[in-house]
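J.: Structure file query12.cif, mmCIF, C-alpha atoms, is pasted below:
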```
data_entry
loop_
_atom_site.label_atom_id
_atom_site.label_comp_id
_atom_site.auth_asym_id
_atom_site.auth_seq_id
_atom_site.Cartn_x
_atom_site.Cartn_y
_atom_site.Cartn_z
CA MET A 962 0.00 0.00 0.00
CA MET A 963 2.80 2.37 0.96
CA GLY A 964 4.55 1.52 -2.28
CA THR A 965 1.46 2.42 -4.26
CA VAL A 966 1.17 5.76 -2.48
CA SER A 967 4.86 6.44 -3.09
CA VAL A 968 4.58 5.68 -6.80
CA GLY A 969 1.52 7.88 -7.10
CA ALA A 970 3.29 10.73 -5.33
CA ASP A 971 6.33 10.35 -7.59
CA GLN A 972 4.11 10.44 -10.66
CA GLY A 973 2.34 13.52 -9.35
CA ARG A 974 5.65 15.30 -8.79
CA SER A 975 6.80 14.29 -12.27
CA VAL A 976 3.66 15.67 -13.89
CA SER A 977 3.93 18.87 -11.86
CA ALA A 978 7.60 19.32 -12.76
CA GLY A 979 6.80 18.71 -16.41
CA ALA A 980 4.06 21.35 -16.37
CA LEU A 981 6.29 23.89 -14.62
CA ALA A 982 9.12 23.16 -17.03
CA THR A 983 6.78 23.66 -19.98
CA VAL A 984 5.69 27.06 -18.66
CA ALA A 985 9.30 28.08 -18.07
CA ALA A 986 10.38 26.84 -21.51
CA CYS A 987 7.54 28.68 -23.21
CA GLY A 988 9.16 31.94 -22.12
CA LEU A 989 12.16 30.97 -24.25
CA GLY A 990 10.02 30.25 -27.29
CA PHE A 991 7.95 33.40 -26.80
CA ALA A 992 11.05 35.62 -26.56
CA ALA A 993 12.54 34.09 -29.71
CA GLY A 994 9.31 34.51 -31.67
CA TRP A 995 8.84 38.08 -30.45
CA ASN A 996 12.21 39.30 -31.73
CA ILE A 997 11.99 37.59 -35.10
CA SER A 998 8.92 39.62 -36.14
CA SER A 999 9.05 42.80 -34.03
CA ILE A 1000 11.09 45.14 -36.27
CA THR A 1001 9.05 44.82 -39.46
CA THR A 1002 5.84 45.74 -37.65
CA ILE A 1003 6.93 49.40 -37.59
CA ALA A 1004 9.20 49.37 -40.64
CA SER A 1005 8.08 52.82 -41.84
CA SER A 1006 8.82 54.42 -38.46
CA VAL A 1007 12.22 52.74 -38.28
CA SER A 1008 12.98 53.91 -41.83
CA ARG A 1009 12.12 57.51 -40.92
CA ASP A 1010 13.92 57.66 -37.57
CA TYR A 1011 17.05 55.91 -38.83
CA ASP A 1012 16.91 57.94 -42.07
CA ILE A 1013 17.34 54.87 -44.24
CA PRO A 1014 15.41 53.37 -47.18
CA LEU A 1015 12.62 50.98 -46.27
CA ALA A 1016 14.49 48.11 -47.95
CA THR A 1017 17.41 48.61 -45.56
CA VAL A 1018 15.12 47.94 -42.61
CA GLY A 1019 14.86 44.39 -43.93
CA PHE A 1020 18.54 43.86 -43.14
CA PHE A 1021 17.71 44.26 -39.44
CA THR A 1022 15.68 41.06 -39.70
CA THR A 1023 18.12 39.37 -42.08
CA ALA A 1024 21.01 39.95 -39.66
CA LEU A 1025 19.08 38.29 -36.84
CA PHE A 1026 17.85 35.38 -38.94
CA ILE A 1027 21.28 34.49 -40.36
CA ALA A 1028 22.71 34.27 -36.85
CA HIS A 1029 19.57 32.47 -35.61
CA ALA A 1030 19.98 29.80 -38.28
CA GLY A 1031 23.75 29.53 -37.97
CA ILE A 1032 23.81 28.96 -34.21
CA GLN A 1033 21.33 26.06 -34.22
CA LEU A 1034 23.87 23.24 -34.55
CA PRO A 1035 26.71 24.62 -32.35
CA GLY A 1036 24.09 25.88 -29.88
CA GLY A 1037 22.64 22.37 -29.68
CA GLN A 1038 26.11 20.98 -28.97
CA LEU A 1039 26.58 23.45 -26.12
CA ILE A 1040 23.17 22.59 -24.70
CA ASP A 1041 24.07 18.88 -24.70
CA ARG A 1042 27.26 19.68 -22.77
CA VAL A 1043 26.22 22.50 -20.44
CA GLY A 1044 22.49 21.95 -19.99
CA ALA A 1045 19.30 23.39 -21.40
CA LYS A 1046 18.36 25.65 -18.50
CA ARG A 1047 21.77 27.25 -18.20
CA MET A 1048 22.10 27.82 -21.94
CA GLY A 1049 18.53 29.11 -22.06
CA LEU A 1050 19.39 31.76 -19.48
CA ILE A 1051 22.48 32.67 -21.51
CA GLY A 1052 20.36 32.97 -24.66
CA LEU A 1053 17.82 35.21 -22.93
CA SER A 1054 20.61 37.32 -21.48
CA ILE A 1055 22.00 37.87 -24.97
CA ILE A 1056 18.56 38.92 -26.22
CA THR A 1057 18.00 41.31 -23.32
CA VAL A 1058 21.46 42.94 -23.34
CA THR A 1059 21.58 43.46 -27.11
CA SER A 1060 18.06 44.93 -27.07
CA ALA A 1061 19.12 47.36 -24.35
CA LEU A 1062 22.23 48.36 -26.28
CA ALA A 1063 20.17 49.01 -29.42
CA LEU A 1064 18.19 51.61 -27.43
CA ILE A 1065 21.24 53.88 -27.21
CA ALA A 1066 20.71 55.62 -30.56
CA PRO A 1067 19.02 55.11 -33.96
CA THR A 1068 22.28 54.18 -35.64
CA VAL A 1069 22.20 51.66 -38.48
CA TRP A 1070 25.45 49.85 -37.70
CA LEU A 1071 24.54 49.56 -34.03
CA ALA A 1072 21.11 48.12 -34.81
CA ILE A 1073 22.46 45.59 -37.30
CA VAL A 1074 25.25 44.45 -34.96
CA CYS A 1075 22.84 44.16 -32.03
CA ARG A 1076 20.30 42.26 -34.09
CA ALA A 1077 22.97 39.88 -35.40
CA VAL A 1078 24.19 39.08 -31.89
CA MET A 1079 20.57 38.88 -30.74
CA GLY A 1080 20.06 36.15 -33.35
CA LEU A 1081 22.57 34.02 -31.46
CA GLY A 1082 20.37 34.43 -28.40
CA THR A 1083 17.11 33.59 -30.17
CA GLY A 1084 18.62 30.49 -31.79
CA ILE A 1085 20.07 29.19 -28.53
CA SER A 1086 16.87 30.00 -26.65
CA PHE A 1087 14.60 28.13 -29.04
CA VAL A 1088 16.63 24.92 -29.04
CA ALA A 1089 17.15 25.15 -25.27
CA GLY A 1090 13.41 25.47 -24.67
CA SER A 1091 12.67 22.32 -26.64
CA ASP A 1092 15.43 20.38 -24.88
CA TYR A 1093 14.36 21.63 -21.44
CA ILE A 1094 10.89 20.23 -22.08
CA ARG A 1095 12.37 16.93 -23.25
CA ARG A 1096 14.51 16.62 -20.13
CA SER A 1097 11.47 17.30 -17.93
CA GLY A 1098 9.69 14.31 -19.47
CA ALA A 1099 6.66 16.43 -20.40
CA GLY A 1100 6.13 14.66 -23.75
CA PRO A 1101 5.13 15.57 -27.33
CA LEU A 1102 2.02 17.55 -26.35
CA ALA A 1103 4.21 19.94 -24.39
CA GLN A 1104 6.50 20.26 -27.41
CA GLY A 1105 3.47 21.22 -29.49
CA VAL A 1106 2.34 23.78 -26.94
CA TYR A 1107 5.88 25.16 -26.88
CA GLY A 1108 5.88 25.54 -30.64
CA GLY A 1109 2.48 27.25 -30.56
CA ILE A 1110 3.65 29.74 -27.91
CA GLY A 1111 6.70 30.52 -30.04
CA LEU A 1112 4.44 31.45 -32.94
CA ALA A 1113 2.16 33.39 -30.61
CA GLY A 1114 5.15 35.47 -29.50
CA GLY A 1115 5.61 36.68 -33.06
CA GLY A 1116 1.90 37.30 -33.47
CA ILE A 1117 1.53 39.28 -30.25
CA ALA A 1118 4.58 41.36 -31.18
CA ILE A 1119 2.85 42.29 -34.44
CA ALA A 1120 -0.09 43.57 -32.40
CA VAL A 1121 1.72 45.22 -29.45
CA VAL A 1122 4.83 46.86 -30.93
CA PRO A 1123 2.87 49.27 -33.20
CA LEU A 1124 0.67 50.30 -30.26
CA LEU A 1125 3.74 51.64 -28.43
CA GLU A 1126 5.20 53.29 -31.52
CA GLY A 1127 3.50 56.62 -30.75
CA LEU A 1128 5.11 56.75 -27.29
CA VAL A 1129 8.63 55.44 -27.85
CA HIS A 1130 8.90 55.51 -31.67
CA TRP A 1131 11.79 53.40 -33.09
CA ARG A 1132 12.59 52.10 -29.61
CA SER A 1133 9.37 50.07 -29.41
CA PRO A 1134 10.77 46.72 -30.71
CA PHE A 1135 13.87 46.94 -28.52
CA LEU A 1136 12.17 48.18 -25.36
CA THR A 1137 9.51 45.47 -25.51
CA ALA A 1138 12.24 42.88 -26.18
CA VAL A 1139 13.95 43.88 -22.93
CA VAL A 1140 10.70 43.48 -21.00
CA VAL A 1141 9.91 40.13 -22.62
CA GLY A 1142 13.47 38.91 -22.06
CA VAL A 1143 13.47 39.80 -18.36
CA ILE A 1144 10.10 38.11 -17.77
CA ALA A 1145 11.29 35.00 -19.62
CA MET A 1146 14.46 34.86 -17.51
CA VAL A 1147 12.45 35.06 -14.31
CA LEU A 1148 10.19 32.23 -15.49
CA LEU A 1149 13.11 30.04 -16.50
CA ALA A 1150 15.12 30.73 -13.35
CA ALA A 1151 12.07 29.73 -11.28
CA GLY A 1152 11.58 26.54 -13.31
CA PRO A 1153 12.38 23.11 -11.89
CA PRO A 1154 15.85 21.59 -12.26
CA GLU A 1155 16.23 19.86 -15.60
CA GLY A 1156 16.42 16.11 -15.79
CA ALA A 1157 19.76 14.45 -15.64
CA ARG A 1158 21.69 14.50 -18.88
CA ARG A 1159 22.20 11.08 -20.38
CA HIS A 1160 25.74 10.59 -21.56
CA ALA A 1161 24.91 7.62 -23.71
CA ALA A 1162 27.68 5.98 -25.62
CA LYS A 1163 27.92 7.06 -29.20
CA PRO A 1164 26.34 4.54 -31.54
CA THR A 1165 28.59 2.40 -33.66
CA GLY A 1166 28.24 0.21 -36.70
CA ALA A 1167 24.81 -0.14 -38.28
CA THR A 1168 23.17 1.97 -35.59
CA HIS A 1169 25.56 4.82 -36.30
CA GLU A 1170 24.75 4.62 -40.02
CA ARG A 1171 21.00 4.65 -39.48
CA ALA A 1172 20.86 7.71 -37.23
CA PRO A 1173 21.86 10.29 -39.88
CA VAL A 1174 19.38 8.79 -42.35
CA ARG A 1175 16.59 9.17 -39.78
CA LEU A 1176 17.62 12.78 -39.25
CA TYR A 1177 17.75 13.61 -42.95
CA ARG A 1178 14.19 12.49 -43.49
CA LEU A 1179 13.03 14.52 -40.49
CA MET A 1180 14.97 17.52 -41.80
CA GLY A 1181 13.25 17.15 -45.16
CA MET A 1182 9.86 17.11 -43.49
CA HIS A 1183 10.76 20.17 -41.41
CA ILE A 1184 11.80 22.00 -44.56
CA CYS A 1185 8.39 21.24 -46.06
CA SER A 1186 6.24 21.96 -43.03
CA PHE A 1187 8.10 24.85 -41.39
CA GLY A 1188 10.39 26.28 -44.06
CA LEU A 1189 7.92 26.34 -46.94
CA SER A 1190 5.09 27.61 -44.75
CA VAL A 1191 7.22 30.60 -43.69
CA LEU A 1192 8.17 31.26 -47.31
CA ALA A 1193 4.51 31.21 -48.29
CA SER A 1194 3.33 33.35 -45.37
CA ASN A 1195 6.08 35.93 -46.02
CA TRP A 1196 4.86 36.47 -49.58
CA ILE A 1197 1.09 35.98 -49.29
CA VAL A 1198 0.47 39.67 -48.61
CA GLU A 1199 2.47 40.76 -51.64
CA LEU A 1200 0.77 38.16 -53.84
CA LEU A 1201 -2.70 39.36 -52.90
CA LYS A 1202 -1.76 43.03 -53.25
CA ARG A 1203 -0.38 42.39 -56.74
CA HIS A 1204 -3.69 40.81 -57.68
CA GLY A 1205 -6.00 43.54 -56.51
CA GLU A 1206 -6.51 43.22 -52.74
CA SER A 1207 -6.01 46.17 -50.39
CA LYS A 1208 -3.03 46.22 -48.05
CA SER A 1209 -5.20 45.76 -44.95
CA THR A 1210 -7.15 42.86 -46.43
CA ALA A 1211 -4.00 41.15 -47.68
CA ALA A 1212 -2.34 41.53 -44.26
CA LEU A 1213 -5.39 40.08 -42.50
CA VAL A 1214 -5.47 37.06 -44.80
CA GLY A 1215 -1.72 36.55 -44.41
CA SER A 1216 -2.02 36.54 -40.61
CA LEU A 1217 -4.33 33.54 -40.78
CA THR A 1218 -1.31 31.27 -41.37
CA LEU A 1219 0.06 32.29 -37.97
CA ILE A 1220 -3.28 31.89 -36.19
CA ALA A 1221 -3.80 28.42 -37.65
CA GLY A 1222 -0.26 27.38 -36.71
CA VAL A 1223 -0.70 28.44 -33.09
CA ILE A 1224 -3.64 26.03 -32.92
CA SER A 1225 -2.22 23.15 -34.96
CA ARG A 1226 1.17 22.85 -33.24
CA PRO A 1227 -0.37 21.75 -29.91
CA LEU A 1228 -2.78 19.54 -31.88
CA GLY A 1229 0.21 17.97 -33.60
CA GLY A 1230 1.78 17.35 -30.21
CA TRP A 1231 -1.34 15.48 -29.12
CA LEU A 1232 -1.32 13.46 -32.34
CA ALA A 1233 2.37 12.60 -31.88
CA ALA A 1234 1.47 9.99 -29.28
CA LYS A 1235 -1.27 8.40 -31.39
CA PRO A 1236 -0.90 5.34 -33.65
CA TRP A 1237 -2.12 7.35 -36.64
CA CYS A 1238 0.50 10.08 -36.21
CA ARG A 1239 2.33 9.20 -39.44
CA SER A 1240 -0.92 9.26 -41.40
CA ALA A 1241 -1.74 12.67 -39.94
CA ILE A 1242 1.64 14.01 -41.03
CA GLY A 1243 1.13 12.59 -44.51
CA ALA A 1244 -2.27 14.28 -44.68
CA SER A 1245 -0.67 17.57 -43.56
CA VAL A 1246 1.71 17.40 -46.53
CA VAL A 1247 -1.24 17.15 -48.91
CA ILE A 1248 -3.10 19.91 -47.07
CA GLY A 1249 -0.11 22.26 -47.22
CA ALA A 1250 0.37 21.75 -50.94
CA LEU A 1251 -3.36 22.25 -51.47
CA GLY A 1252 -3.25 25.49 -49.49
CA CYS A 1253 -0.51 26.87 -51.75
CA GLY A 1254 -2.51 25.74 -54.77
CA LEU A 1255 -5.60 27.59 -53.58
CA LEU A 1256 -3.62 30.82 -53.37
CA LEU A 1257 -3.00 30.54 -57.10
CA LEU A 1258 -6.76 30.95 -57.66
CA ALA A 1259 -6.99 34.34 -55.90
CA PRO A 1260 -8.82 36.53 -56.62
CA PRO A 1261 -11.57 35.93 -55.54
CA LEU A 1262 -10.71 36.24 -51.85
CA ALA A 1263 -12.29 33.00 -50.62
CA PRO A 1264 -9.58 30.67 -52.04
CA ALA A 1265 -6.89 32.90 -50.50
CA ILE A 1266 -8.50 32.74 -47.05
CA ALA A 1267 -8.85 28.97 -47.28
CA GLY A 1268 -5.30 28.60 -48.59
CA SER A 1269 -3.78 30.67 -45.77
CA LEU A 1270 -5.63 28.69 -43.12
CA LEU A 1271 -4.63 25.37 -44.66
CA ILE A 1272 -0.96 26.38 -44.89
CA GLY A 1273 -0.84 27.39 -41.23
CA PHE A 1274 -2.73 24.32 -40.11
CA ALA A 1275 -0.60 21.92 -42.16
CA ALA A 1276 2.69 23.45 -40.99
CA GLY A 1277 1.90 22.89 -37.31
CA ILE A 1278 0.95 19.21 -37.37
CA PRO A 1279 4.45 17.68 -37.83
CA PHE A 1280 6.26 20.13 -35.52
CA ALA A 1281 6.28 18.18 -32.23
CA SER A 1282 6.79 14.79 -33.90
CA ILE A 1283 9.81 16.08 -35.82
CA PHE A 1284 11.47 17.47 -32.69
CA VAL A 1285 10.75 14.34 -30.64
CA GLY A 1286 12.00 12.11 -33.45
CA ALA A 1287 15.16 14.20 -33.92
CA ALA A 1288 16.04 13.96 -30.23
CA ARG A 1289 15.54 10.20 -30.24
CA ALA A 1290 17.54 9.68 -33.44
CA ARG A 1291 20.75 10.53 -31.61
CA PRO A 1292 20.28 9.91 -27.87
CA HIS A 1293 23.90 10.91 -27.19
CA ALA A 1294 23.34 14.40 -28.70
CA PRO A 1295 19.59 15.19 -28.69
CA ALA A 1296 19.86 19.00 -28.60
CA ARG A 1297 22.41 18.96 -31.40
CA SER A 1298 20.02 16.87 -33.50
CA VAL A 1299 17.14 19.24 -32.81
CA GLY A 1300 19.33 22.22 -33.68
CA LEU A 1301 20.45 20.63 -36.95
CA THR A 1302 16.87 19.77 -37.88
CA ASN A 1303 15.50 23.19 -37.00
CA GLY A 1304 18.38 24.87 -38.79
CA SER A 1305 17.47 23.11 -42.03
CA GLY A 1306 14.09 24.86 -42.02
CA SER A 1307 15.73 28.23 -41.37
CA LEU A 1308 18.24 27.66 -44.18
CA ILE A 1309 15.55 27.09 -46.80
CA ILE A 1310 13.91 30.35 -45.73
CA LEU A 1311 17.14 32.29 -46.27
CA ILE A 1312 17.71 30.69 -49.67
CA GLY A 1313 14.11 30.64 -50.85
CA SER A 1314 12.92 34.11 -49.85
CA PRO A 1315 14.81 36.03 -52.57
CA LEU A 1316 13.99 33.34 -55.15
CA VAL A 1317 10.25 33.55 -54.48
CA GLY A 1318 10.51 37.34 -54.49
CA ALA A 1319 12.15 37.22 -57.91
CA THR A 1320 9.11 35.43 -59.37
CA PHE A 1321 7.03 38.60 -58.84
CA SER A 1322 8.83 40.09 -61.83
CA LEU A 1323 7.78 37.12 -64.00
CA PRO A 1324 4.42 36.52 -65.68
CA GLY A 1325 1.78 35.74 -63.07
CA ALA A 1326 3.29 38.17 -60.52
CA GLY A 1327 4.34 35.59 -57.93
CA ARG A 1328 2.11 32.71 -58.93
CA ILE A 1329 5.07 30.75 -60.31
CA GLY A 1330 6.80 30.96 -56.93
CA PHE A 1331 3.75 29.65 -55.09
CA ALA A 1332 3.31 26.87 -57.65
CA VAL A 1333 6.90 25.75 -56.99
CA ILE A 1334 6.31 25.84 -53.22
CA ALA A 1335 3.21 23.67 -53.69
CA VAL A 1336 5.12 21.09 -55.74
CA ILE A 1337 8.04 20.91 -53.29
CA TRP A 1338 5.64 20.60 -50.35
CA ALA A 1339 3.79 17.75 -52.05
CA SER A 1340 7.12 15.97 -52.67
CA GLY A 1341 7.31 15.50 -48.90
CA LEU A 1342 5.24 12.36 -49.38
CA LEU A 1343 8.30 10.78 -50.98
CA TYR A 1344 10.31 10.98 -47.76
CA LEU A 1345 7.59 10.80 -45.14
CA PRO A 1346 9.29 9.67 -41.89
CA THR A 1347 8.55 6.13 -40.77
CA ARG A 1348 7.00 5.33 -37.40
CA ARG A 1349 10.45 4.43 -36.10
CA GLU A 1350 11.92 7.73 -37.30
CA LEU A 1351 9.10 9.57 -35.55
CA GLY A 1352 9.94 7.76 -32.32
CA LEU A 1353 6.72 5.72 -32.28
CA GLU A 1354 8.51 2.37 -32.17
#
```
Could you take the file, read its structure, and then write that structure out as structure tokens?

T.:
Amino acid sequence: MMGTVSVGADQGRSVSAGALATVAACGLGFAAGWNISSITTIASSVSRDYDIPLATVGFFTTALFIAHAGIQLPGGQLIDRVGAKRMGLIGLSIITVTSALALIAPTVWLAIVCRAVMGLGTGISFVAGSDYIRRSGAGPLAQGVYGGIGLAGGGIAIAVVPLLEGLVHWRSPFLTAVVVGVIAMVLLAAGPPEGARRHAAKPTGATHERAPVRLYRLMGMHICSFGLSVLASNWIVELLKRHGESKSTAALVGSLTLIAGVISRPLGGWLAAKPWCRSAIGASVVIGALGCGLLLLAPPLAPAIAGSLLIGFAAGIPFASIFVGAARARPHAPARSVGLTNGSGSLIILIGSPLVGATFSLPGAGRIGFAVIAVIWASGLLYLPTRRELGLE
């Protein structure tokens, strides 16, 4: 009887620790998402106050995203060695300090340098948050919630930063980043100790050969679900504007991809533990390609609305399964595997964004680019991860 009570108490503590760890980790994801989208929300104000062309403002985001993508793999290696919580606090400290430094003056070189260094912080923070959840034993659903909160951070920044523009002008993205970073650090510092790191022996022989193959397929799926969805969402507004929609209408339709993703990432986490998880991911590939195809029919507006919702919904379903599968593919270096996988999605965004933009100068004003995205997304069915690669067996 006492044994039963003890086991039940241990399970209760484990569940509680997992929930607290998820809340703490979500601060990391929220801070990363906030800083990725905050600058462009007041691009015109930044352009005026910095006295630079609007196109130059884009480099503020590019500088962050290059560093964010580049730090994924080495950041994952550090997390495996040092620990997720400690590296998460370091990542948040980088975000907070660089944001504070950027408040000094509206100087272009200062902003670009601060944003580039900040990208190191966002990249480390995102991978650390995922690994912190894994170490807590919270499971795939928590990974999905974490992913949804990360997207929500970007979405809330889009709503909040412009509201403060009238009070603090160009400082709004940086000042809010400091506040978000401090709150996230408090949450993480108050979080439970992370689970013990497993220093498993590196696999050898056939096992060593299979692990990279499992990762490559997961990376391919992440490129389709995450990378291509970001490419599409970044250019939906321009596509609709080129084909007759107002700026406000196009922006509203484009935001639907984010809203749908916030919902579908936790849903995908719930599905990750189900026997039909692989089928759900396969269906999401078809849905994502269909969403891009529907955008080719706009105008009228209805296909564009449906396409945006389908893209966001489809992108979120594989998220948790991919991260769980990546961590299990290399038990001796789980954070490194997650960083490598997540970095692949970021890399396709950096490469694909200018290529899709170039198609707006071709016949169809962007439709060719979206057609290519649809075809590549559909090709994900050719390398759909197996149940073993998803960590289901």

J.: For a quick check of understanding, using all atoms listed in the file, which of A:Gly1044, A:Pro1260, A:Gly994, A:Gly1114 has the smallest distance to Leu1200 (chain A)?

T.: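 The answer is A:Pro1260, which sits nearest to Leu1200 (chain A).
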
J.: What does the PyMOL selection byres ((chain A and resi 1029) around 10) select in this file, as an MDAnalysis selection string?

T.: chainID A and resid 993 997 1023:1028 1030:1033 1036 1076:1087 1304 1307:1308

J.: Which residue out of A:Pro1134, A:Pro1035, A:Gly1273, A:Pro1067 has the minimum interatomic distance to Trp995 (chain A) when only C-alpha atoms are used?

T.: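 Distance minimum relative to Trp995 (chain A) lands on A:Pro1134.
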
J.: Using the chain letters and numbers from this file, what does the PyMOL selection byres ((chain A and resi 1287) around 10) select? Give the answer as JSON, numbers by chain.

T.: {"A": [1172, 1173, 1175, 1176, 1177, 1178, 1179, 1180, 1281, 1282, 1283, 1284, 1285, 1286, 1288, 1289, 1290, 1291, 1292, 1294, 1295, 1296, 1297, 1298, 1299, 1300, 1301, 1302, 1303, 1350, 1351, 1352]}

J.: So that I have them on file, write out the residues from the current selection with C-alpha atoms, as a short mmCIF file (atom, residue, chain, number, x, y, z; two decimals), in the frame of the given file.

T.:
```
data_model
loop_
_atom_site.label_atom_id
_atom_site.label_comp_id
_atom_site.auth_asym_id
_atom_site.auth_seq_id
_atom_site.Cartn_x
_atom_site.Cartn_y
_atom_site.Cartn_z
CA ALA A 1172 20.86 7.71 -37.23
CA PRO A 1173 21.86 10.29 -39.88
CA ARG A 1175 16.59 9.17 -39.78
CA LEU A 1176 17.62 12.78 -39.25
CA TYR A 1177 17.75 13.61 -42.95
CA ARG A 1178 14.19 12.49 -43.49
CA LEU A 1179 13.03 14.52 -40.49
CA MET A 1180 14.97 17.52 -41.80
CA ALA A 1281 6.28 18.18 -32.23
CA SER A 1282 6.79 14.79 -33.90
CA ILE A 1283 9.81 16.08 -35.82
CA PHE A 1284 11.47 17.47 -32.69
CA VAL A 1285 10.75 14.34 -30.64
CA GLY A 1286 12.00 12.11 -33.45
CA ALA A 1288 16.04 13.96 -30.23
CA ARG A 1289 15.54 10.20 -30.24
CA ALA A 1290 17.54 9.68 -33.44
CA ARG A 1291 20.75 10.53 -31.61
CA PRO A 1292 20.28 9.91 -27.87
CA ALA A 1294 23.34 14.40 -28.70
CA PRO A 1295 19.59 15.19 -28.69
CA ALA A 1296 19.86 19.00 -28.60
CA ARG A 1297 22.41 18.96 -31.40
CA SER A 1298 20.02 16.87 -33.50
CA VAL A 1299 17.14 19.24 -32.81
CA GLY A 1300 19.33 22.22 -33.68
CA LEU A 1301 20.45 20.63 -36.95
CA THR A 1302 16.87 19.77 -37.88
CA ASN A 1303 15.50 23.19 -37.00
CA GLU A 1350 11.92 7.73 -37.30
CA LEU A 1351 9.10 9.57 -35.55
CA GLY A 1352 9.94 7.76 -32.32
#
```

J.: How many Å lie between CA of Ala1212 (chain A) and CA of Val1198 (chain A), rounded to one decimal?

T.: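 Those two atoms sit 5.5 Å apart.
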
J.: What is the distance, in Å and to one decimal place, between CA of Ala1089 (chain A) and CA of Ile1220 (chain A)?

T.: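 Interatomic distance here is 24.1 Å.
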
J.: What would the selection look like, as an MDAnalysis selection string, if the PyMOL selection byres ((chain A and resi 1184) around 12) were run on the coordinates I just shared?

T.: chainID A and resid 1177:1183 1185:1192 1246 1276 1279:1280 1283 1301:1313 1334 1337:1341 1344:1345

J.: Would you compute the box with edges along x, y and z of the file around region 1175-1190 of chain A, including every atom the file lists for it and 5 Å extra on each side, and give its centre and edge lengths in Å to one decimal, as lines of an AutoDock Vina configuration file?

T.:
```
center_x = 11.4
center_y = 18.4
center_z = -43.1
size_x = 22.7
size_y = 28.4
size_z = 17.7
```

J.: Skipping near chain neighbours, those fewer than 6 positions away, what residues fall within 7 Å of Val1139 (chain A) using all atoms listed in the file, listed as a ChimeraX atom specification?

T.: /A:1057,1060-1061

J.: What does the distance between CA of Leu1148 (chain A) and CA of Ala985 (chain A) come to in Å, to one decimal place?

T.: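 CA of Leu1148 (chain A) sits 5.0 Å away from CA of Ala985 (chain A).
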
J.: With all atoms listed in the file as the atoms that count, which of A:Gly1037, A:Trp1196, A:His1130, A:Gly1252 lies nearest to Ala1319 (chain A)?

T.: A:Trp1196

J.: Would you mind telling me which residue in A:Val1121, A:Ala1113, A:Leu1258, A:Val1143 lies nearest to Ser1216 (chain A) when using only C-alpha atoms?

T.: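 Selected residue with least distance to Ser1216 (chain A): A:Ala1113.
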
J.: From the list A:Cys1238, A:Val1122, A:Ile1197, A:Ala1066, which residue is nearest Val1317 (chain A) when using all atoms listed in the file?

T.: A:Ile1197

J.: Taking a cut-off of 7 Å and counting all atoms listed in the file, can you build a table that, for each residue of region 1203-1258 of chain A near region 1102-1110 of chain A, reports the nearest atom pair and how far apart they are in Å (one decimal), sorted by chain then residue number, as CSV?

T.:
```
residue,atom,partner,partner_atom,distance
A:Gly1222,CA,A:Gly1109,CA,6.7
A:Val1223,CA,A:Gly1109,CA,4.2
A:Ile1224,CA,A:Gly1109,CA,6.7
A:Arg1226,CA,A:Gly1105,CA,4.7
A:Pro1227,CA,A:Gly1105,CA,3.9
A:Leu1228,CA,A:Gly1105,CA,6.9
A:Gly1229,CA,A:Gly1105,CA,6.2
A:Gly1230,CA,A:Leu1102,CA,3.9
A:Trp1231,CA,A:Leu1102,CA,4.8
```

J.: For Thr1001 (chain A), which of A:Thr1210, A:Asn1195, A:Glu1155, A:Leu1128 is the closest residue, counting all atoms listed in the file?

T.: A:Asn1195

J.: With a distance cut-off of 9 Å and all atoms listed in the file, select the neighbouring residues of Val1007 (chain A), excluding the residue or stretch itself and same-chain residues fewer than 3 positions from it, and output the selection as a list in words.

T.: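 Close residues of Val1007 (chain A): Ile1000, Thr1001, Ile1003, Ala1004, Asp1010, Tyr1011, Asp1012, Ile1013, Leu1015, Val1018, Pro1067, His1130, Trp1131 and Arg1132 of chain A.
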